[in-house]
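Report on the structure given below.
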Amino acid sequence: MFSLLFSLIALVASPLTASAALTSRQVDYGSLHCPSDPSSTLVTPTYGTEGAIFTICTELVINAAPLAGYNAILDFKSYPQWNSFIINVAVPENVTSTPEDIYVGMPMTFTSNGLISGLNTTSIEVISLFDPSGAAGYLINAWHYDDGFGGIGSRAEHPNIFVDLGNGSTRYLSYETYYAGLATGTIALLKDKLQKEWDIQAQDLKAYVESR
């Protein structure tokens with residue numbers, strides 16, 4: 001998620017009650033598509049549907065196998081090579097290679113470009129899950145935003161889903177759902193810009209994967 005870091009009053013929040021791995025097994029993510037109704041939202045592995053305010057979403061076909069796109073989106077160290085939206089990802093010192101060294105709960109600092117003219121914005125993201133097995137008919141990974149206040153300010157999660165079309169190509173679905181919080185209304189003002197950058201990022205990924 002690429003929201004601004006807002007100054008919030010430090011409050012004690014309850015820990016997350018949903019397990020990303022558990023929730024992912026309860027939903028057929030391979031059947032999801034971007035909503036045609038802009039007021040509709042999509043479920044996420046950690047937060048489900050309760051409290052969802054809005055979703056940004058993009059969907060396209062990548063002319064490569066699912067694992068190629070899956071690995072590329074998790075190769076955070078390579079983002080500067082192809083991603084014009086997320087121009088840098090800082091990972092922990094113990095992560096020397098991506099995607100090989102990533103783990104659930106891994107924190108990252110995303111630096112994004114394009115949301116505010118002339119300024120870069122940062123956000124803390126945490127790996128929620130990754131499953132390259134394809135056992136459910138699709139590959140999925142996801143990360144969620146850490147507002148530093150246990151979700152009081154804002155909650156959001158970004159799943160990436162890769163569905164094998166059986167002809168050497170992949171349907172790629174990338175979305176982020178935002179949930180009720182003290183800062184969500186402010187973030188919603190950036191929805192159109194977020195959607196624009198989301199679409200560009202998917203096109204960047206497609207071009208990068210297909211060129212390799």
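Lettering and numbering for the structure tokens are positional, with chains as A, B, ... in the shown order, residues counted from 1 in each chain, and ligands counted from 1 in the shown order.
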I need the residues of region 11-201 of chain A that end up classed as helix (DSSP H, G or I) by DSSP on the backbone, written out as a ChimeraX atom specification. /A:20-25,29-31,66-74,76-82,184-188,191-201
Can you write out as CSV which residues of region 77-165 of chain A fall within 12 Å of region 35-53 of chain A, alongside each residue's closest atom pair and its distance in Å to one decimal, counting only C-alpha atoms and ordering rows by chain and ascending residue number?
```
residue,atom,partner,partner_atom,distance
A:Val126,CA,A:Thr46,CA,11.3
A:Ile127,CA,A:Thr46,CA,10.6
A:Ser128,CA,A:Thr46,CA,7.2
A:Leu129,CA,A:Pro45,CA,8.2
A:Phe130,CA,A:Pro45,CA,10.7
A:Ile140,CA,A:Pro45,CA,10.1
A:Asn141,CA,A:Pro45,CA,9.5
A:Ala142,CA,A:Pro45,CA,7.8
A:Trp143,CA,A:Thr46,CA,9.1
A:His144,CA,A:Thr46,CA,8.1
A:Tyr145,CA,A:Thr46,CA,11.0
A:Gly151,CA,A:Tyr47,CA,10.7
A:Ser154,CA,A:Ile53,CA,10.7
A:Arg155,CA,A:Tyr47,CA,8.4
A:Ala156,CA,A:Tyr47,CA,8.2
A:Glu157,CA,A:Thr44,CA,6.4
A:His158,CA,A:Thr44,CA,7.5
A:Pro159,CA,A:Thr44,CA,6.9
A:Asn160,CA,A:Thr44,CA,10.3
A:Ile161,CA,A:Thr44,CA,11.3
```
Please provide as a tab-separated table (two decimals) with N, CA, C and O atoms, in the first residue's frame all residues within 10 Å of Ile102 (chain A), with the sequence filter that same-chain residues fewer than 4 positions apart are discarded (counting only C-alpha atoms).
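What ended up in around.tsv:
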```tsv
chain	number	residue	atom	x	y	z
A	74	LEU	N	7.58	-10.49	-6.34
A	74	LEU	CA	8.20	-10.69	-5.03
A	74	LEU	C	9.70	-10.39	-5.03
A	74	LEU	O	10.34	-10.41	-3.98
A	75	ASP	N	10.24	-10.10	-6.20
A	75	ASP	CA	11.67	-9.78	-6.29
A	75	ASP	C	11.85	-8.29	-6.03
A	75	ASP	O	12.13	-7.49	-6.93
A	76	PHE	N	11.69	-7.92	-4.77
A	76	PHE	CA	11.65	-6.50	-4.39
A	76	PHE	C	12.95	-5.77	-4.70
A	76	PHE	O	12.94	-4.58	-5.00
A	91	VAL	N	14.37	-3.76	2.37
A	91	VAL	CA	14.05	-5.00	3.07
A	91	VAL	C	15.02	-5.17	4.23
A	91	VAL	O	16.05	-4.50	4.30
A	92	PRO	N	14.72	-6.06	5.18
A	92	PRO	CA	15.62	-6.27	6.32
A	92	PRO	C	17.01	-6.73	5.89
A	92	PRO	O	17.18	-7.33	4.82
A	94	ASN	N	18.76	-9.13	6.87
A	94	ASN	CA	18.93	-10.57	6.74
A	94	ASN	C	18.38	-11.11	5.43
A	94	ASN	O	18.55	-12.29	5.12
A	95	VAL	N	17.72	-10.26	4.65
A	95	VAL	CA	17.19	-10.67	3.35
A	95	VAL	C	18.18	-10.24	2.29
A	95	VAL	O	18.25	-9.07	1.91
A	96	THR	N	18.98	-11.17	1.83
A	96	THR	CA	20.02	-10.85	0.86
A	96	THR	C	19.59	-11.10	-0.57
A	96	THR	O	20.16	-10.54	-1.51
A	97	SER	N	18.55	-11.93	-0.76
A	97	SER	CA	18.08	-12.23	-2.11
A	97	SER	C	16.57	-12.34	-2.10
A	97	SER	O	15.98	-12.94	-1.19
A	98	THR	N	15.93	-11.73	-3.09
A	98	THR	CA	14.47	-11.85	-3.22
A	98	THR	C	14.18	-12.44	-4.60
A	98	THR	O	14.87	-12.15	-5.57
A	106	MET	N	7.63	-10.45	7.17
A	106	MET	CA	8.77	-9.62	6.80
A	106	MET	C	8.33	-8.18	6.54
A	106	MET	O	7.45	-7.93	5.71
A	107	PRO	N	8.93	-7.20	7.24
A	107	PRO	CA	8.59	-5.79	7.01
A	107	PRO	C	9.40	-5.22	5.85
A	107	PRO	O	10.54	-5.64	5.59
A	127	ILE	N	4.74	-8.73	4.70
A	127	ILE	CA	4.30	-9.92	3.95
A	127	ILE	C	3.25	-10.68	4.76
A	127	ILE	O	3.48	-11.06	5.91
A	130	PHE	N	2.47	-16.12	1.08
A	130	PHE	CA	2.88	-16.41	-0.29
A	130	PHE	C	2.74	-17.91	-0.52
A	130	PHE	O	3.10	-18.71	0.33
```
So which residues of region 3-195 of chain A fall under strand (DSSP E or B) by DSSP, listed as an MDAnalysis selection string? chainID A and resid 44 48 52:62 86:90 107:116 119:131 139:145 155:164 170:179
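Residue nearest Ile87 (chain A) within the list A:Leu32, A:Phe54, A:Gly185, A:Glu197: A:Glu197 [criterion: smallest interatomic distance, only C-alpha atoms].
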Could you tell me how far CA of Asp28 (chain A) sits from CA of Ala207 (chain A), in Å to one decimal place?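 Distance between the two atoms: 27.3 Å.
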Using only C-alpha atoms: which of A:Lys193, A:Arg212, A:Lys206, A:His33 has the shortest distance to Ser169 (chain A): A:Lys206
Just want the 8 Å neighbourhood of Ile56 (chain A), counted on only C-alpha atoms, with same-chain residues fewer than 2 positions away dropped. Output as a PDB file with C-alpha atoms, in the first residue's frame.
```pdb
ATOM      1  CA  PHE A  54     -12.856   0.811  -1.306  1.00  0.00           C
ATOM      2  CA  THR A  58      -6.184  -3.998 -12.186  1.00  0.00           C
ATOM      3  CA  TYR A 175      -5.748  -5.212  -6.042  1.00  0.00           C
ATOM      4  CA  GLU A 176      -5.681  -3.442  -2.722  1.00  0.00           C
ATOM      5  CA  THR A 177      -8.638  -3.099  -0.391  1.00  0.00           C
ATOM      6  CA  LYS A 191      -8.111   6.881  -4.950  1.00  0.00           C
ATOM      7  CA  LEU A 194      -3.768   5.228  -6.788  1.00  0.00           C
ATOM      8  CA  GLN A 195      -5.825   3.528  -9.489  1.00  0.00           C
ATOM      9  CA  TRP A 198      -1.883   0.662 -10.058  1.00  0.00           C
TER      10      TRP A 198
END
```
Residues near region 111-121 of chain A, cut-off 12 Å, only C-alpha atoms, skip fewer than 4 positions along chain, as number ranges by chain: A: 1-6, 76, 79-80, 83-91, 125, 187, 189-198, 200-201
Just to confirm, what's the straight-line distance from CA of Gly168 (chain A) to CA of Tyr103 (chain A) in Å (one decimal)?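 Separation between CA of Gly168 (chain A) and CA of Tyr103 (chain A): 28.3 Å.
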Figure out the distance between CA of Cys57 (chain A) and CA of Gly30 (chain A), please, to one decimal in Å.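 Computing it gives 14.5 Å between the two atoms.
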Nearest to Gly105 (chain A), restricted to only C-alpha atoms and choosing among A:Ala72, A:Asp146, A:Thr184, A:Pro66, comes out as A:Asp146
Please provide as a ChimeraX atom specification all residues within 10 Å of Tyr208 (chain A), with the sequence filter that same-chain residues fewer than 4 positions apart are discarded (counting only C-alpha atoms). /A:62,69,72,81-83,202-204,212
Calculated over only C-alpha atoms, which of the candidates A:Ser174, A:Thr122, A:Thr186, A:Ser211 has the smallest distance to Leu60 (chain A)?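 Smallest separation from Leu60 (chain A) among the options: A:Ser174.
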